[in-house]
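**Student:** I have a structure I would like to understand better, so I am pasting it below and will then ask my questions one at a time.
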Amino acid sequence: MIQKFIRYRTKKMNWLNKTQYNLHIDGFTIHKNAVDIDETVVDRFKGQINRARPIFNNSNRNDMKRMQFRVKRGDLPRINKVLLFIKENYPNLNAVEWNILWSKKCQRQQAHSDYEPDIKMLNISKDQMPLSALVPLDEGCKLIVWKKSINLINKSNDDLQRVKTIKPTIVTLNPGDILIFRADLIHAGSEYDEPNIRLHAFLDSDAITRQHNRTYIIGKHAPNELHRIIQEM
């Protein structure tokens, strides 16, 4: 009876740890409870907030409420469990530019992708598709995503005419989770009512060149048909 209970509980826990999202269909996946987050590490990063610099949001003038700073080389061993998880599960990609993202009470970002359109993305293998990783360090980390919006940034206006509109989905994460999303997924940083801190890294591919510090904003850079498809909140 005890053995039967253990098998049942293990099966149940494995089901709970699986994500309901498919990386190469929905554009993202969630590894629930993938790593242990040490509170001392979180406190250390929070103690470095003065190093943070602003990143873009909806305002034409940055309100200094959405910030980031690079994880120091000496602090990388402190997130070793995260690094190992990424290396073991995404061995064909290079995890670079580990940053701390820190938001005060702020508004949401505009819909965008972190990579500019590249037609090569339509033909590369799944193993070579560049990705991003988001690792919450605080409770209630959120990302707004447009499910199944992959490939859209690389399509022509004519091809986009046949695509239905997509409403945004809010994905909520907690410490221990790891969110992985594709380079061509349209997404946006969420608004926050209180400060939130999280880890972010690009998982670069040798097949695609990422332009540093460039963002493809749908409302600004995309063709008209993509404006129609991506329904803002």
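We name chains A, B, ... following the order of the structure tokens; residues begin at 1 in each chain, and ligands are numbered from 1 as shown.
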Could you pull out all residues of range 72-126 of chain A with a DSSP call of alpha helix (DSSP H) and give them as JSON, numbers by chain?
**Tutor:** {"A": [80, 81, 82, 83, 84, 85, 86, 87, 88, 89]}
**Student:** Can you list, as a list in words, every residue of range 35-87 of chain A that DSSP puts in strand (DSSP E or B)?
**Tutor:** Arg53, Pro54, Arg66, Met67, Gln68, Phe69 and Arg70 of chain A
**Student:** If you measure from CA of Ile153 in chain A to CA of Asn92 in chain A, what distance in Å do you get, rounded to one decimal?
**Tutor:**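 Separation between CA of Ile153 in chain A and CA of Asn92 in chain A: 23.3 Å.
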**Student:** For the atom pair CA of Asp193 in chain A and CA of Lys104 in chain A, what is the interatomic distance in Å to one decimal place?
**Tutor:**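 Atom-to-atom, CA of Asp193 in chain A and CA of Lys104 in chain A are spaced 7.6 Å apart.
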**Student:** Would you mind telling me which residue in A:Glu139, A:Glu97, A:Glu191, A:Glu116 lies nearest to Ile217 in chain A when using only C-alpha atoms?
**Tutor:**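 Ranking A:Glu139, A:Glu97, A:Glu191, A:Glu116 by distance to Ile217 in chain A, first place goes to A:Glu116.
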